[in-house]
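To start, the structure under review is shown below, and the notes come after it.
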Amino acid sequence: MPFKRTFLYSVAINLFFLALCLVFGDIKFGAVDDYFMAAVLTGAHGTDYNPHMLFVNAIYGYALLPLYHLFPKMGWYYIGEMFAVFVSFTAIGYVLLRKCGKRWGLLLATLFTAMFASDFYLVIQFTQCASILSAAGMLLFTHAVVDCRPPKGARNDPGLSPGQALVLSIGVVLLLWGSVMRWQAFLMGMPFFCIGLLFNLKQCWKFKWVTMTSLAIMFAGAYAMHHFDVSLYKNAEYAPYVDVQEPRAFLGEANYFNHNAAYEDLEEMGKSGIDYHMLTEWIFYDTETFAADSMRAIVDVIGAYRDKIEHGDIPRLLLSALGHSLQSPLFWMWFIFCLLIWATNCQNFLYLWASLGVILYLMSILLAMSRLIYCVESGFWLYAAVLAVPLWGLFHHDLPRKLVVVAVAVIAFANVFTYATSGKLVRGPGSGELRTLAIEDSTDYNQVFAYIDSQPDKMFLLSMNAYMRFSHHKNPPYLAEPIGSYRRTVSFGYWTPYLPEITQALADFGITNPIKDVIRDNVIVINEGRLSDFLQRHYYDSVAVDTLKEIGEMTFFKYRLVQVADSAAKEVE
């Protein structure tokens with residue numbers, strides 16, 4: 001097919017599925033992390049834009065800043081992620097159409113997008129975004145090299161035609177973009193990329209200078225951008241924030257500890273087991289009792305009580321994980337693509353076992369760490385599926401035109417019906433179970449936000465759960481959170497404490513230690529009424545807590561010191 005027609009077909013397919021997702025789906029981020037990274041970028045916690053997003057390379061933030069300055073109300077972080085997924089699907093569809101011809105290509109491109117659209121458009125988040133960008137980049141790169149033909153007039157030094165050079169360049173750009181969205185997801189795709197190149201070693205060697213130069217540029221660029229991002233956090237301003245990240249992440253895996261044993265051991269060592277439980281619930285924004293060194297000391301103790309997965313359990317867990325994968329379309333797309341290798345170029349059918357071996361190896365590593373989640377696992381099947389495409393041979397038996405039209409129409413109508421009836425059901429990025437992204441909550445958040453806005457001289461400190469729930473009821477992802485919109489609402493946990501702009505916002509209200517300073521007159525606490533015991537053990541003789549207001553599931557508390565005279569009067573009464 002000509003380039004222009006191929007490109008337009010691929011764009012049309014992806015516009016159709018994007019439209020279905022936008023019309024019938026629930027327009028939300030797939031992960032709360034993305035919402036708050038977007039909020040950090042737009043300056044919601046401070047007074048200006050801040051590209052330091054921790055999980056996503058700051059280069060992405062810097063690239064979006066001009067758009068935020070031109071159109072500050074638009075949620076460019078979200079729009080950028082959706083555009084990345086759209087470009088990736090279009091690139092994959094383009095290769096399928098070029099590789100297989102109009103009929104087979106149209107059918108396979110439509111089927112592929114139908115299988116993956118919901119997981120990537122409706123559960124948009126940085127890990128899956130990095131996976132599909134990297135996968136599309138790998139496919140374009142391999143396709144350009146495998147389908148290389150010497151330009152006219154070339155004799156001893158074959159190279160790329162202008163069109164192939166463009167495809168290869170776009171592939172490198174998408175790979176670099178994937179490394180920016182999440183470095184770890186990009187790296188986890190490299191074993192699949194290596195296998196794909198090895199199975200095409202003869203063609204890669206024939207065009208070795210093009211291949212090696214492109215790979216060198218890609219890896220050098222990716223590592224340079226990663227180094228740049230890491231270097232941004234190596235300064236005094238971010239030192240407190242960086243110091244707390246390792247113990248914070250470790251304590252966030254509370255489900256994998258023997259809590260009773262850790263509690264008893266800490267108590268015997270003179271440390272508080274109750275403090276440990278607070279930390280596992282990510283209530284840690286106390287700059288004295290829960291300073292980074294103190295948190296690391298507790299982590300050192302409880303590390304021995306982390307649930308360990310024995311090597312003998314890995315095969316059983318792998319079988320269980322594979323059984324779970326059989327219920328998702330990602331596995332079947334990989335399997336169909338591998339069957340097409342067998343049907344068109346059976347000498348490369350070994351790729352099925354090689355790619356499966358890499359998937360099982362990576363899954364076993366993550367299972368041993370108790371970190372195998374759906375959004376990561378789906379990336380493995382995606383990498384393995386798309387890198388099967390360059391190994392296909394010629395499709396000698398063309399499909400009847402009517403059959404292709406009927407098949408594409410059936411896929412289209414089936415998807416319209418499915419999205420119209422259950423478009424809000426998606427596979428969660430953690431477990432992969434079908435659910436809605438919206439959280440059932442009877443709270444009228446307009447009242448909650450109005451109450452907060454009515455007291456501009458107060459700082460509101462929140463439980464992490466309340467903080468996360470706010471994200472579902474503020475601006476939709478396609479609209480930016482205004483600068484300063486979260487400046488007076490600070491969480492006791494999560495990955496945002498100690499950000500410089502949050503530290504400055506607290507300081508503007510005279511707060512230097514958030515948990516300790518809840519007794520200040522200008523501090524109100526939301527959904528965390530259990531701090532009195534902690535405060536009395538570490539800081540004050542007697543603390544009382546009053547309920548100021550309840551709005552649905554949001555409760556506003558006021559902590560105060562109890563004077564000795566007040567205590568005596570209460571005892572007399």
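Ordering of the structure tokens sets the chain letters (A, B, ...), residue numbers begin anew at 1 in every chain, and ligands are numbered from 1 in the order given.
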
Sorted by chain and rising residue number, which residues of stretch 424-507 of chain A lie within 8 Å of stretch 536-556 of chain A, and what are their closest atom pairs and distances in Å to one decimal, counting only C-alpha atoms, as JSON lines?
```
{"residue": "A:Asp441", "atom": "CA", "partner": "A:Glu553", "partner_atom": "CA", "distance": 7.4}
{"residue": "A:Ser442", "atom": "CA", "partner": "A:Gly552", "partner_atom": "CA", "distance": 5.9}
{"residue": "A:Thr443", "atom": "CA", "partner": "A:Gly552", "partner_atom": "CA", "distance": 4.1}
{"residue": "A:Asp444", "atom": "CA", "partner": "A:Gly552", "partner_atom": "CA", "distance": 6.6}
{"residue": "A:Gln447", "atom": "CA", "partner": "A:Ile551", "partner_atom": "CA", "distance": 7.3}
{"residue": "A:Val448", "atom": "CA", "partner": "A:Ile551", "partner_atom": "CA", "distance": 6.7}
{"residue": "A:Ala466", "atom": "CA", "partner": "A:Met554", "partner_atom": "CA", "distance": 7.4}
```

Q: Do a neighbour search on A:Asp300 at 12 Å with only C-alpha atoms, toss out local chain neighbours closer than 2 positions, and write the hits as a list of chain:residue names.
A: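 Returned residues: A:Glu246, A:Pro247, A:Phe250, A:Leu251, A:Ala262, A:Asp265, A:Leu266, A:Asp293, A:Ser294, A:Met295, A:Arg296, A:Ala297, A:Ile298, A:Ile302, A:Gly303, A:Ala304, A:Tyr305, A:Arg306.
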
Q: Mind checking which residues fall within 9 Å of A:Met188, counting only C-alpha atoms, ignoring those fewer than 3 positions away in the same chain, and posting them as a PyMOL selection string?
A: chain A and resi 131+183-185+191-192+362+379-380

Q: Report as JSON, numbers by chain: the residues of stretch 92-260 of chain A with a DSSP assignment of helix (DSSP H, G or I), based on the backbone of this structure.
A: {"A": [92, 93, 94, 95, 96, 97, 98, 99, 100, 101, 102, 103, 104, 105, 106, 107, 108, 109, 110, 111, 112, 113, 114, 115, 116, 117, 118, 119, 120, 121, 122, 126, 127, 128, 129, 130, 131, 132, 133, 134, 135, 136, 137, 138, 139, 140, 141, 142, 143, 144, 145, 146, 162, 163, 164, 165, 166, 167, 168, 169, 170, 171, 172, 173, 174, 175, 176, 177, 178, 179, 180, 181, 183, 184, 185, 186, 187, 188, 190, 191, 192, 193, 194, 195, 196, 197, 198, 199, 201, 202, 203, 204, 205, 206, 208, 209, 210, 211, 212, 213, 214, 215, 216, 217, 218, 219, 220, 221, 222, 223, 224, 225, 226, 227, 228, 229, 230, 231, 239, 240, 241, 242, 243, 244, 245, 246, 247, 248, 249, 250, 251, 254, 255, 256, 259, 260]}

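Nearest residue to A:Ser118 among A:Thr287, A:Ile341, A:Val85, A:Gly46 is A:Val85, counting only C-alpha atoms.
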
Q: Determine the nearest neighbour of A:Ala384 from the options A:Phe193, A:Phe29, A:Tyr486, A:Phe413, counting only C-alpha atoms.
A: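 Checking each of A:Phe193, A:Phe29, A:Tyr486, A:Phe413 against A:Ala384, counting only C-alpha atoms, the winner is A:Phe193.
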
Q.
Rounded to one decimal, what separation in Å do you get between atom CA of A:Gly252 and atom CA of A:Met278?
A.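 Here the two named atoms are 11.0 Å from each other.
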
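Excluding A:Tyr383 itself and any same-chain residue fewer than 6 positions from it, the protein and nucleic acid residues within 10 Å of it, counting only C-alpha atoms, are Ser131, Ile132, Ser134, Ala135, Ala136, Met138, Leu139, Met188, Gly189, Met190, Pro191, Phe192, Phe193, Gly196, Trp334, Ser355 and Ile359 of chain A.
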
Q: Report the residues of stretch 391-515 of chain A whose backbone DSSP state falls under strand (DSSP E), written as a PyMOL selection string.
A: chain A and resi 425-427+434-436+459-462+489-491

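Minimum atom-to-atom distances from A:Asp147, A:Glu481, A:Glu81, A:Asp286 to A:Leu133 were compared using only C-alpha atoms, and the lowest value belongs to A:Glu81.
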
Q: Extract, using only C-alpha atoms, all DNA, RNA and protein residues at most 8 Å from A:Pro476, discarding same-chain residues fewer than 4 positions from it, and format them as a PyMOL selection string.
A: chain A and resi 27-28+472+480

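Closest approach to A:Glu501 among A:Arg182, A:Arg488, A:Lys206, A:His259 is made by A:Arg488 (distances from only C-alpha atoms).
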
Q | Separation of atom CA of A:Leu394 from atom CA of A:Thr344 in Å | A | 6.1 Å

Q. In Å to one decimal, how far is atom CA of A:Gly25 from atom CA of A:Lys424?
A.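 Separation of atom CA of A:Lys424 and atom CA of A:Gly25: 4.8 Å.
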
(Q) Given only C-alpha atoms as the basis, pick out the residue of A:Asn235, A:Ser88, A:Thr496, A:Ser532 nearest to A:Met53. (A) A:Thr496

Q) Hey, what's within 10 Å of stretch 389-393 of chain A if we count only C-alpha atoms and toss same-chain stuff fewer than 3 positions away? As a PyMOL selection string, please? A) chain A and resi 92+95-96+99-100+139-140+142-147+196-197+199-200+334+337-349+351+384-386+396

Q) Which residue, A:Ala31, A:Leu8, A:Leu176, A:Leu107, has the smallest gap to A:Ala407 when you use only C-alpha atoms? A)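 Smallest distance to A:Ala407 is found for A:Leu107.
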
**Q.** All residues 7 Å or closer to A:Pro429, only C-alpha atoms, same chain fewer than 4 positions away omitted, as a count of residues only
**A.** 4
